[in-house]
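Here is the file coords-v8.csv (CSV, N, CA and C atoms).
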```
chain,number,residue,atom,x,y,z
W,1,MET,N,-11.1,-31.5,13.6
W,1,MET,CA,-9.8,-30.9,14.1
W,1,MET,C,-8.7,-31.1,13.1
W,2,GLY,N,-8.8,-32.0,12.2
W,2,GLY,CA,-7.7,-32.3,11.2
W,2,GLY,C,-7.7,-31.3,10.1
W,3,VAL,N,-8.6,-30.4,10.0
W,3,VAL,CA,-8.7,-29.4,9.0
W,3,VAL,C,-8.0,-28.1,9.5
W,4,THR,N,-7.1,-27.6,8.7
W,4,THR,CA,-6.5,-26.3,9.1
W,4,THR,C,-6.9,-25.2,8.2
W,5,ALA,N,-7.2,-24.0,8.7
W,5,ALA,CA,-7.6,-22.9,7.8
W,5,ALA,C,-6.3,-22.3,7.2
W,6,ARG,N,-6.4,-22.1,6.0
W,6,ARG,CA,-5.2,-21.4,5.3
W,6,ARG,C,-5.4,-19.9,5.4
W,7,ARG,N,-4.4,-19.3,5.9
W,7,ARG,CA,-4.4,-17.8,6.1
W,7,ARG,C,-4.6,-17.1,4.7
W,8,PHE,N,-5.4,-16.1,4.7
W,8,PHE,CA,-5.5,-15.2,3.5
W,8,PHE,C,-4.3,-14.4,3.4
W,9,GLU,N,-3.6,-14.5,2.2
W,9,GLU,CA,-2.4,-13.8,1.9
W,9,GLU,C,-2.8,-12.5,1.2
W,10,ILE,N,-2.7,-11.4,1.9
W,10,ILE,CA,-3.1,-10.1,1.3
W,10,ILE,C,-2.2,-9.7,0.2
W,11,ALA,N,-0.9,-10.2,0.2
W,11,ALA,CA,0.0,-9.8,-0.9
W,11,ALA,C,-0.5,-10.4,-2.2
W,12,LYS,N,-1.3,-11.4,-2.2
W,12,LYS,CA,-1.8,-12.0,-3.4
W,12,LYS,C,-3.1,-11.4,-3.9
W,13,ALA,N,-3.6,-10.4,-3.1
W,13,ALA,CA,-4.8,-9.7,-3.5
W,13,ALA,C,-4.5,-8.8,-4.7
W,14,GLY,N,-5.4,-8.7,-5.6
W,14,GLY,CA,-5.2,-7.8,-6.8
W,14,GLY,C,-6.5,-7.2,-7.1
W,15,VAL,N,-6.5,-6.6,-8.3
W,15,VAL,CA,-7.7,-6.0,-8.8
W,15,VAL,C,-8.9,-6.9,-8.7
W,16,GLY,N,-8.8,-8.2,-9.1
W,16,GLY,CA,-9.9,-9.1,-9.1
W,16,GLY,C,-10.5,-9.2,-7.7
W,17,VAL,N,-9.7,-9.3,-6.7
W,17,VAL,CA,-10.3,-9.4,-5.3
W,17,VAL,C,-11.0,-8.1,-5.0
W,18,LEU,N,-10.4,-7.0,-5.3
W,18,LEU,CA,-11.1,-5.7,-5.0
W,18,LEU,C,-12.4,-5.5,-5.8
W,19,ALA,N,-12.3,-6.0,-7.1
W,19,ALA,CA,-13.5,-5.8,-7.9
W,19,ALA,C,-14.6,-6.7,-7.4
W,20,GLU,N,-14.3,-7.8,-6.7
W,20,GLU,CA,-15.3,-8.7,-6.2
W,20,GLU,C,-16.0,-8.0,-5.0
W,21,ALA,N,-15.2,-7.3,-4.2
W,21,ALA,CA,-15.8,-6.5,-3.0
W,21,ALA,C,-16.4,-5.2,-3.5
W,22,PHE,N,-15.9,-4.6,-4.5
W,22,PHE,CA,-16.4,-3.3,-5.0
W,22,PHE,C,-16.6,-3.5,-6.5
W,23,PRO,N,-17.8,-4.0,-7.0
W,23,PRO,CA,-18.0,-4.3,-8.4
W,23,PRO,C,-17.7,-3.1,-9.3
W,24,LEU,N,-17.1,-3.4,-10.4
W,24,LEU,CA,-16.7,-2.3,-11.4
W,24,LEU,C,-17.9,-1.5,-11.8
W,25,GLU,N,-19.1,-2.1,-11.9
W,25,GLU,CA,-20.3,-1.3,-12.2
W,25,GLU,C,-20.6,-0.3,-11.2
W,26,THR,N,-20.4,-0.6,-9.9
W,26,THR,CA,-20.7,0.3,-8.8
W,26,THR,C,-19.7,1.5,-8.9
W,27,VAL,N,-18.4,1.1,-9.1
W,27,VAL,CA,-17.3,2.1,-9.2
W,27,VAL,C,-17.6,3.0,-10.3
W,28,GLN,N,-18.0,2.5,-11.5
W,28,GLN,CA,-18.2,3.3,-12.7
W,28,GLN,C,-19.4,4.2,-12.4
W,29,ALA,N,-20.5,3.7,-11.8
W,29,ALA,CA,-21.6,4.6,-11.5
W,29,ALA,C,-21.3,5.7,-10.6
W,30,ILE,N,-20.4,5.5,-9.6
W,30,ILE,CA,-20.0,6.5,-8.7
W,30,ILE,C,-19.1,7.5,-9.4
W,31,LEU,N,-18.3,7.1,-10.3
W,31,LEU,CA,-17.4,8.0,-11.1
W,31,LEU,C,-18.3,8.9,-12.0
W,32,ALA,N,-19.3,8.3,-12.5
W,32,ALA,CA,-20.3,9.1,-13.4
W,32,ALA,C,-21.0,10.1,-12.5
W,33,ALA,N,-21.5,9.7,-11.3
W,33,ALA,CA,-22.3,10.6,-10.5
W,33,ALA,C,-21.4,11.7,-9.9
W,34,THR,N,-20.1,11.5,-9.8
W,34,THR,CA,-19.2,12.5,-9.3
W,34,THR,C,-18.5,13.2,-10.4
W,35,GLU,N,-18.8,12.9,-11.6
W,35,GLU,CA,-18.2,13.5,-12.9
W,35,GLU,C,-16.7,13.3,-12.9
W,36,ARG,N,-16.3,12.1,-12.5
W,36,ARG,CA,-14.8,11.8,-12.5
W,36,ARG,C,-14.4,10.7,-13.5
W,37,GLU,N,-15.4,10.3,-14.3
W,37,GLU,CA,-15.0,9.2,-15.3
W,37,GLU,C,-14.2,9.9,-16.3
W,38,GLY,N,-13.2,9.2,-16.8
W,38,GLY,CA,-12.3,9.8,-17.8
W,38,GLY,C,-12.9,10.0,-19.2
W,39,LYS,N,-12.5,11.0,-19.8
W,39,LYS,CA,-12.9,11.3,-21.2
W,39,LYS,C,-11.9,10.7,-22.2
W,40,ARG,N,-10.6,10.6,-21.7
W,40,ARG,CA,-9.6,10.0,-22.6
W,40,ARG,C,-9.2,8.6,-22.1
W,41,LYS,N,-8.6,7.9,-23.0
W,41,LYS,CA,-8.1,6.5,-22.6
W,41,LYS,C,-6.7,6.8,-22.0
W,42,ARG,N,-6.6,6.4,-20.7
W,42,ARG,CA,-5.3,6.7,-20.0
W,42,ARG,C,-4.7,5.4,-19.5
W,43,LEU,N,-3.4,5.5,-19.2
W,43,LEU,CA,-2.7,4.4,-18.6
W,43,LEU,C,-3.3,4.1,-17.2
W,44,LEU,N,-3.7,5.1,-16.5
W,44,LEU,CA,-4.3,5.0,-15.2
W,44,LEU,C,-5.7,5.5,-15.2
W,45,PRO,N,-6.7,4.8,-15.6
W,45,PRO,CA,-8.1,5.3,-15.7
W,45,PRO,C,-8.7,5.5,-14.3
W,46,ALA,N,-9.7,6.3,-14.2
W,46,ALA,CA,-10.3,6.6,-12.9
W,46,ALA,C,-10.7,5.4,-12.1
W,47,SER,N,-11.3,4.4,-12.8
W,47,SER,CA,-11.8,3.2,-12.1
W,47,SER,C,-10.6,2.4,-11.5
W,48,MET,N,-9.4,2.4,-12.2
W,48,MET,CA,-8.2,1.7,-11.6
W,48,MET,C,-7.7,2.5,-10.4
W,49,MET,N,-7.8,3.8,-10.5
W,49,MET,CA,-7.4,4.6,-9.4
W,49,MET,C,-8.2,4.5,-8.1
W,50,VAL,N,-9.5,4.2,-8.3
W,50,VAL,CA,-10.4,3.9,-7.1
W,50,VAL,C,-9.8,2.6,-6.4
W,51,TYR,N,-9.6,1.6,-7.2
W,51,TYR,CA,-9.0,0.4,-6.6
W,51,TYR,C,-7.6,0.6,-6.0
W,52,TYR,N,-6.9,1.5,-6.7
W,52,TYR,CA,-5.5,1.8,-6.2
W,52,TYR,C,-5.6,2.5,-4.8
W,53,VAL,N,-6.5,3.4,-4.6
W,53,VAL,CA,-6.7,4.1,-3.4
W,53,VAL,C,-7.1,3.1,-2.3
W,54,ILE,N,-8.0,2.2,-2.6
W,54,ILE,CA,-8.4,1.2,-1.6
W,54,ILE,C,-7.2,0.3,-1.3
W,55,ALA,N,-6.4,0.0,-2.3
W,55,ALA,CA,-5.2,-0.9,-2.0
W,55,ALA,C,-4.1,-0.2,-1.2
W,56,LEU,N,-4.1,1.2,-1.3
W,56,LEU,CA,-3.1,1.9,-0.4
W,56,LEU,C,-3.4,1.6,1.1
W,57,GLY,N,-4.6,1.4,1.4
W,57,GLY,CA,-5.0,1.0,2.8
W,57,GLY,C,-4.6,-0.4,3.2
W,58,LEU,N,-4.5,-1.3,2.1
W,58,LEU,CA,-4.2,-2.7,2.4
W,58,LEU,C,-2.7,-2.9,2.5
W,59,PHE,N,-2.0,-2.2,1.6
W,59,PHE,CA,-0.5,-2.4,1.5
W,59,PHE,C,0.2,-1.2,2.1
W,60,VAL,N,0.0,-1.0,3.4
W,60,VAL,CA,0.6,0.2,4.0
W,60,VAL,C,2.1,0.2,4.2
W,61,GLY,N,2.7,-0.9,4.1
W,61,GLY,CA,4.1,-1.0,4.3
W,61,GLY,C,5.0,-0.8,3.0
W,62,VAL,N,4.4,-0.6,1.9
W,62,VAL,CA,5.1,-0.5,0.7
W,62,VAL,C,4.9,0.8,0.0
W,63,GLY,N,5.7,1.2,-1.0
W,63,GLY,CA,5.6,2.4,-1.7
W,63,GLY,C,4.5,2.4,-2.7
W,64,CYS,N,4.2,3.6,-3.2
W,64,CYS,CA,3.1,3.8,-4.1
W,64,CYS,C,3.2,3.0,-5.4
W,65,ARG,N,4.4,2.9,-6.0
W,65,ARG,CA,4.6,2.1,-7.2
W,65,ARG,C,4.4,0.6,-7.0
W,66,GLU,N,4.9,0.2,-5.8
W,66,GLU,CA,4.7,-1.2,-5.4
W,66,GLU,C,3.3,-1.6,-5.2
W,67,VAL,N,2.5,-0.7,-4.7
W,67,VAL,CA,1.0,-0.9,-4.5
W,67,VAL,C,0.4,-1.2,-5.9
W,68,LEU,N,0.7,-0.3,-6.8
W,68,LEU,CA,0.2,-0.4,-8.2
W,68,LEU,C,0.7,-1.7,-8.9
W,69,ARG,N,2.0,-2.0,-8.7
W,69,ARG,CA,2.5,-3.3,-9.2
W,69,ARG,C,1.8,-4.5,-8.7
W,70,ARG,N,1.4,-4.5,-7.4
W,70,ARG,CA,0.7,-5.6,-6.8
W,70,ARG,C,-0.7,-5.7,-7.4
W,71,LEU,N,-1.3,-4.5,-7.7
W,71,LEU,CA,-2.6,-4.6,-8.3
W,71,LEU,C,-2.6,-5.1,-9.7
W,72,LEU,N,-1.5,-4.8,-10.4
W,72,LEU,CA,-1.4,-5.2,-11.8
W,72,LEU,C,-0.7,-6.5,-12.0
W,73,ASP,N,-0.3,-7.2,-10.9
W,73,ASP,CA,0.5,-8.4,-11.0
W,73,ASP,C,-0.1,-9.5,-11.9
W,74,GLY,N,-1.4,-9.7,-11.8
W,74,GLY,CA,-2.0,-10.8,-12.6
W,74,GLY,C,-2.0,-10.4,-14.1
W,75,ALA,N,-2.3,-9.1,-14.3
W,75,ALA,CA,-2.3,-8.6,-15.7
W,75,ALA,C,-0.9,-8.7,-16.4
W,76,THR,N,0.1,-8.4,-15.6
W,76,THR,CA,1.4,-8.4,-16.1
W,76,THR,C,1.9,-9.8,-16.4
W,77,TRP,N,1.3,-10.8,-15.7
W,77,TRP,CA,1.7,-12.2,-16.0
W,77,TRP,C,1.0,-12.6,-17.3
W,78,ILE,N,-0.2,-12.2,-17.5
W,78,ILE,CA,-0.9,-12.6,-18.7
W,78,ILE,C,-0.4,-11.8,-20.0
W,79,TRP,N,-0.2,-10.5,-19.8
W,79,TRP,CA,0.3,-9.6,-20.9
W,79,TRP,C,1.6,-8.9,-20.5
W,80,PRO,N,2.7,-9.7,-20.5
W,80,PRO,CA,3.9,-9.1,-19.9
W,80,PRO,C,4.5,-7.9,-20.7
W,81,ASN,N,4.2,-7.8,-22.0
W,81,ASN,CA,4.7,-6.7,-22.8
W,81,ASN,C,3.8,-5.6,-22.9
W,82,GLU,N,2.6,-5.7,-22.4
W,82,GLU,CA,1.5,-4.7,-22.6
W,82,GLU,C,1.2,-3.9,-21.4
W,83,VAL,N,1.5,-4.4,-20.2
W,83,VAL,CA,1.2,-3.8,-18.9
W,83,VAL,C,2.5,-3.3,-18.3
W,84,ARG,N,2.5,-2.0,-17.9
W,84,ARG,CA,3.7,-1.5,-17.2
W,84,ARG,C,3.2,-0.6,-16.0
W,85,VAL,N,4.0,-0.5,-15.0
W,85,VAL,CA,3.7,0.2,-13.8
W,85,VAL,C,4.1,1.7,-14.1
W,86,ALA,N,3.1,2.6,-13.8
W,86,ALA,CA,3.3,4.0,-14.1
W,86,ALA,C,4.3,4.6,-13.2
W,87,THR,N,4.8,5.8,-13.6
W,87,THR,CA,5.8,6.5,-12.7
W,87,THR,C,5.0,7.1,-11.5
W,88,GLU,N,5.8,7.5,-10.5
W,88,GLU,CA,5.2,8.1,-9.3
W,88,GLU,C,4.5,9.4,-9.7
W,89,SER,N,5.0,10.2,-10.7
W,89,SER,CA,4.4,11.4,-11.1
W,89,SER,C,3.1,11.1,-11.8
W,90,ALA,N,3.0,10.1,-12.6
W,90,ALA,CA,1.7,9.7,-13.3
W,90,ALA,C,0.7,9.3,-12.2
W,91,ILE,N,1.1,8.6,-11.2
W,91,ILE,CA,0.2,8.1,-10.1
W,91,ILE,C,-0.3,9.3,-9.4
W,92,THR,N,0.6,10.3,-9.1
W,92,THR,CA,0.1,11.5,-8.4
W,92,THR,C,-0.9,12.3,-9.2
W,93,GLN,N,-0.6,12.4,-10.5
W,93,GLN,CA,-1.6,13.2,-11.3
W,93,GLN,C,-2.9,12.5,-11.4
W,94,ALA,N,-2.9,11.1,-11.5
W,94,ALA,CA,-4.1,10.4,-11.6
W,94,ALA,C,-4.9,10.5,-10.3
W,95,ARG,N,-4.3,10.4,-9.2
W,95,ARG,CA,-4.9,10.6,-7.9
W,95,ARG,C,-5.5,12.0,-7.7
W,96,GLN,N,-4.8,13.0,-8.2
W,96,GLN,CA,-5.3,14.3,-8.1
W,96,GLN,C,-6.6,14.5,-9.1
W,97,ARG,N,-6.6,13.9,-10.2
W,97,ARG,CA,-7.7,14.0,-11.1
W,97,ARG,C,-8.9,13.3,-10.5
W,98,LEU,N,-8.7,12.2,-9.8
W,98,LEU,CA,-9.8,11.4,-9.2
W,98,LEU,C,-10.4,12.2,-8.0
W,99,GLY,N,-9.6,12.8,-7.2
W,99,GLY,CA,-10.1,13.5,-6.0
W,99,GLY,C,-10.6,12.6,-4.9
W,100,SER,N,-11.2,13.1,-3.9
W,100,SER,CA,-11.7,12.3,-2.8
W,100,SER,C,-13.2,11.9,-2.9
W,101,MET,N,-13.9,12.7,-3.6
W,101,MET,CA,-15.4,12.5,-3.7
W,101,MET,C,-15.8,11.0,-4.1
W,102,PRO,N,-15.2,10.4,-5.1
W,102,PRO,CA,-15.6,9.1,-5.4
W,102,PRO,C,-15.4,8.1,-4.3
W,103,ILE,N,-14.2,8.2,-3.6
W,103,ILE,CA,-13.9,7.3,-2.5
W,103,ILE,C,-14.9,7.5,-1.4
W,104,GLU,N,-15.2,8.8,-1.1
W,104,GLU,CA,-16.2,9.0,0.0
W,104,GLU,C,-17.5,8.4,-0.3
W,105,LYS,N,-18.0,8.6,-1.6
W,105,LYS,CA,-19.3,8.0,-2.0
W,105,LYS,C,-19.3,6.5,-1.9
W,106,LEU,N,-18.2,5.9,-2.3
W,106,LEU,CA,-18.1,4.4,-2.3
W,106,LEU,C,-18.1,4.0,-0.8
W,107,TYR,N,-17.4,4.7,0.1
W,107,TYR,CA,-17.4,4.3,1.5
W,107,TYR,C,-18.8,4.5,2.1
W,108,ASP,N,-19.5,5.6,1.7
W,108,ASP,CA,-20.8,5.8,2.2
W,108,ASP,C,-21.8,4.8,1.8
W,109,GLN,N,-21.6,4.1,0.6
W,109,GLN,CA,-22.5,3.1,0.1
W,109,GLN,C,-22.4,1.7,0.8
W,110,GLU,N,-21.2,1.5,1.4
W,110,GLU,CA,-20.9,0.2,2.0
W,110,GLU,C,-21.6,0.1,3.3
W,111,ASP,N,-21.9,-1.2,3.7
W,111,ASP,CA,-22.4,-1.5,5.0
W,111,ASP,C,-21.2,-1.4,6.0
W,112,HIS,N,-21.4,-0.9,7.2
W,112,HIS,CA,-20.3,-0.7,8.1
W,112,HIS,C,-20.7,-1.4,9.4
W,113,PRO,N,-19.7,-2.0,10.2
W,113,PRO,CA,-20.0,-2.6,11.4
W,113,PRO,C,-20.7,-1.6,12.4
W,114,ARG,N,-21.5,-2.1,13.3
W,114,ARG,CA,-22.2,-1.2,14.2
W,114,ARG,C,-21.2,-0.4,15.0
W,115,GLY,N,-21.4,0.9,15.2
W,115,GLY,CA,-20.5,1.8,15.9
W,115,GLY,C,-19.6,2.5,15.1
W,116,VAL,N,-19.5,2.2,13.8
W,116,VAL,CA,-18.5,2.9,12.9
W,116,VAL,C,-19.2,4.2,12.4
W,117,VAL,N,-18.6,5.3,12.6
W,117,VAL,CA,-19.2,6.6,12.1
W,117,VAL,C,-18.8,6.8,10.7
W,118,SER,N,-19.7,7.3,9.9
W,118,SER,CA,-19.5,7.5,8.4
W,118,SER,C,-18.2,8.2,8.1
W,119,GLY,N,-17.9,9.3,8.8
W,119,GLY,CA,-16.7,10.0,8.5
W,119,GLY,C,-15.4,9.5,9.1
W,120,MET,N,-15.5,8.4,9.8
W,120,MET,CA,-14.4,7.9,10.6
W,120,MET,C,-13.2,7.6,9.6
W,121,ALA,N,-13.5,6.9,8.5
W,121,ALA,CA,-12.4,6.5,7.6
W,121,ALA,C,-11.7,7.7,7.0
W,122,ARG,N,-12.5,8.7,6.7
W,122,ARG,CA,-11.9,9.9,6.1
W,122,ARG,C,-11.0,10.6,7.2
W,123,GLY,N,-11.4,10.7,8.4
W,123,GLY,CA,-10.7,11.4,9.4
W,123,GLY,C,-9.4,10.7,9.8
W,124,SER,N,-9.3,9.4,9.6
W,124,SER,CA,-8.1,8.7,10.0
W,124,SER,C,-7.4,8.1,8.8
W,125,ALA,N,-7.5,8.9,7.7
W,125,ALA,CA,-6.8,8.4,6.5
W,125,ALA,C,-5.3,8.3,6.6
W,126,ARG,N,-4.8,7.3,5.9
W,126,ARG,CA,-3.4,7.1,5.8
W,126,ARG,C,-2.7,8.3,5.2
W,127,ARG,N,-1.6,8.7,5.9
W,127,ARG,CA,-0.8,9.8,5.3
W,127,ARG,C,0.0,9.2,4.1
W,128,ILE,N,-0.1,9.9,3.0
W,128,ILE,CA,0.5,9.5,1.8
W,128,ILE,C,1.8,10.3,1.6
W,129,HIS,N,2.9,9.6,1.3
W,129,HIS,CA,4.1,10.3,1.0
W,129,HIS,C,3.9,11.3,-0.2
W,130,PRO,N,4.5,12.5,-0.1
W,130,PRO,CA,4.2,13.5,-1.1
W,130,PRO,C,4.4,13.0,-2.6
W,131,ARG,N,5.4,12.1,-2.8
W,131,ARG,CA,5.6,11.6,-4.2
W,131,ARG,C,4.5,10.6,-4.6
W,132,CYS,N,3.7,10.1,-3.7
W,132,CYS,CA,2.6,9.2,-4.1
W,132,CYS,C,1.3,10.0,-4.3
W,133,GLY,N,1.3,11.2,-4.2
W,133,GLY,CA,0.1,12.0,-4.5
W,133,GLY,C,-0.7,12.3,-3.2
```

Encoded form (structure tokens):
Amino acid sequence: MGVTARRFEIAKAGVGVLAEAFPLETVQAILAATEREGKRKRLLPASMMVYYVIALGLFVGVGCREVLRRLLDGATWIWPNEVRVATESAITQARQRLGSMPIEKLYDQEDHPRGVVSGMARGSARRIHPRCG
């Protein structure tokens, strides 16, 4: 009874936490299968955008740049002069390049609680502000 459970602080979740739940190798394989892996080196690569779209569902109360900033928080602490948060326009363009197919495939690969229909997450997707893509 003397032990208290520390609450998980979602605000401290970043790419590392998401990469643990959705390994980079899995994300990259899905991107390759859907022909969405990037051919150029970009500020917002396709694999980062997969994690970003997942994070949009976690950080529903903040804007699109703030979601990206939270994902990059650890990296900006380590490399303060090398990591910058993209503009809203760049985020929109990167999300459009990614499309929905990689996210749908990632969702379909995951185990779901009993009673959850495969298309349920897609049908009840968060409405994204037009400037966020």

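Put simply, atom CA of W:Glu37 is 16.1 Å away from atom CA of W:Ile91.
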
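For the pair atom CA of W:Val85 and atom N of W:Met48, the separation is 13.4 Å.
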
Please identify all polymer residues within 8 Å of W:Ala55, counting only N, CA and C atoms, omitting same-chain residues fewer than 6 positions from it, and present them as a PDB file with N, CA and C atoms, in the frame of the given file.
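Printed below is around_8.pdb as written:
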```pdb
ATOM      1  N   LEU W  18     -10.400  -7.000  -5.300  1.00  0.00           N
ATOM      2  CA  LEU W  18     -11.100  -5.700  -5.000  1.00  0.00           C
ATOM      3  C   LEU W  18     -12.400  -5.500  -5.800  1.00  0.00           C
ATOM      4  N   MET W  49      -7.800   3.800 -10.500  1.00  0.00           N
ATOM      5  CA  MET W  49      -7.400   4.600  -9.400  1.00  0.00           C
ATOM      6  C   MET W  49      -8.200   4.500  -8.100  1.00  0.00           C
ATOM      7  N   VAL W  67       2.500  -0.700  -4.700  1.00  0.00           N
ATOM      8  CA  VAL W  67       1.000  -0.900  -4.500  1.00  0.00           C
ATOM      9  C   VAL W  67       0.400  -1.200  -5.900  1.00  0.00           C
ATOM     10  N   LEU W  68       0.700  -0.300  -6.800  1.00  0.00           N
ATOM     11  CA  LEU W  68       0.200  -0.400  -8.200  1.00  0.00           C
ATOM     12  C   LEU W  68       0.700  -1.700  -8.900  1.00  0.00           C
ATOM     13  N   LEU W  71      -1.300  -4.500  -7.700  1.00  0.00           N
ATOM     14  CA  LEU W  71      -2.600  -4.600  -8.300  1.00  0.00           C
ATOM     15  C   LEU W  71      -2.600  -5.100  -9.700  1.00  0.00           C
TER      16      LEU W  71
END
```

Give me the residues near stretch 40-45 of chain W as a tab-separated table (two decimals) with N, CA and C atoms, in the coordinates of the input, where near means some atom within 8 Å (using only N, CA and C atoms) and where sequence neighbours in that chain fewer than 5 positions away do not count.
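Result file follows (selection14.tsv):
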```
chain	number	residue	atom	x	y	z
W	50	VAL	N	-9.50	4.20	-8.30
W	50	VAL	CA	-10.40	3.90	-7.10
W	50	VAL	C	-9.80	2.60	-6.40
W	86	ALA	N	3.10	2.60	-13.80
W	86	ALA	CA	3.30	4.00	-14.10
W	86	ALA	C	4.30	4.60	-13.20
W	90	ALA	N	3.00	10.10	-12.60
W	90	ALA	CA	1.70	9.70	-13.30
W	90	ALA	C	0.70	9.30	-12.20
W	91	ILE	N	1.10	8.60	-11.20
W	91	ILE	CA	0.20	8.10	-10.10
W	91	ILE	C	-0.30	9.30	-9.40
W	94	ALA	N	-2.90	11.10	-11.50
W	94	ALA	CA	-4.10	10.40	-11.60
W	94	ALA	C	-4.90	10.50	-10.30
W	95	ARG	N	-4.30	10.40	-9.20
W	95	ARG	CA	-4.90	10.60	-7.90
W	95	ARG	C	-5.50	12.00	-7.70
W	98	LEU	N	-8.70	12.20	-9.80
W	98	LEU	CA	-9.80	11.40	-9.20
W	98	LEU	C	-10.40	12.20	-8.00
```

Practice prompt. Taking (4.9, -0.8, -5.5) in the file's own coordinates, collect the residues within 12 Å, counting only C-alpha atoms, and hand them back as a ChimeraX atom specification.
Written response: /W:11,52,55-56,59-73,84-88,91,132

From (-12.1, 0.8, -9.7), in the file's coordinates, out to 9 Å: which residues are reached, counting only C-alpha atoms? Answer as a list in words.
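Taken together, the residues in range are Val15, Leu18, Ala19, Phe22, Pro23, Leu24, Glu25, Thr26, Val27, Gln28, Pro45, Ala46, Ser47, Met48, Met49, Val50, Tyr51, Tyr52, Val53 and Ile54 of chain W.
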
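For the pair atom C of W:Ala21 and atom N of W:Leu58, the interatomic distance is 13.7 Å.
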
Selection near W:Leu106, 8 Å with only C-alpha atoms, sequence-local residues under 3 positions removed, as a ChimeraX atom specification: /W:27,30,102-103,109-110
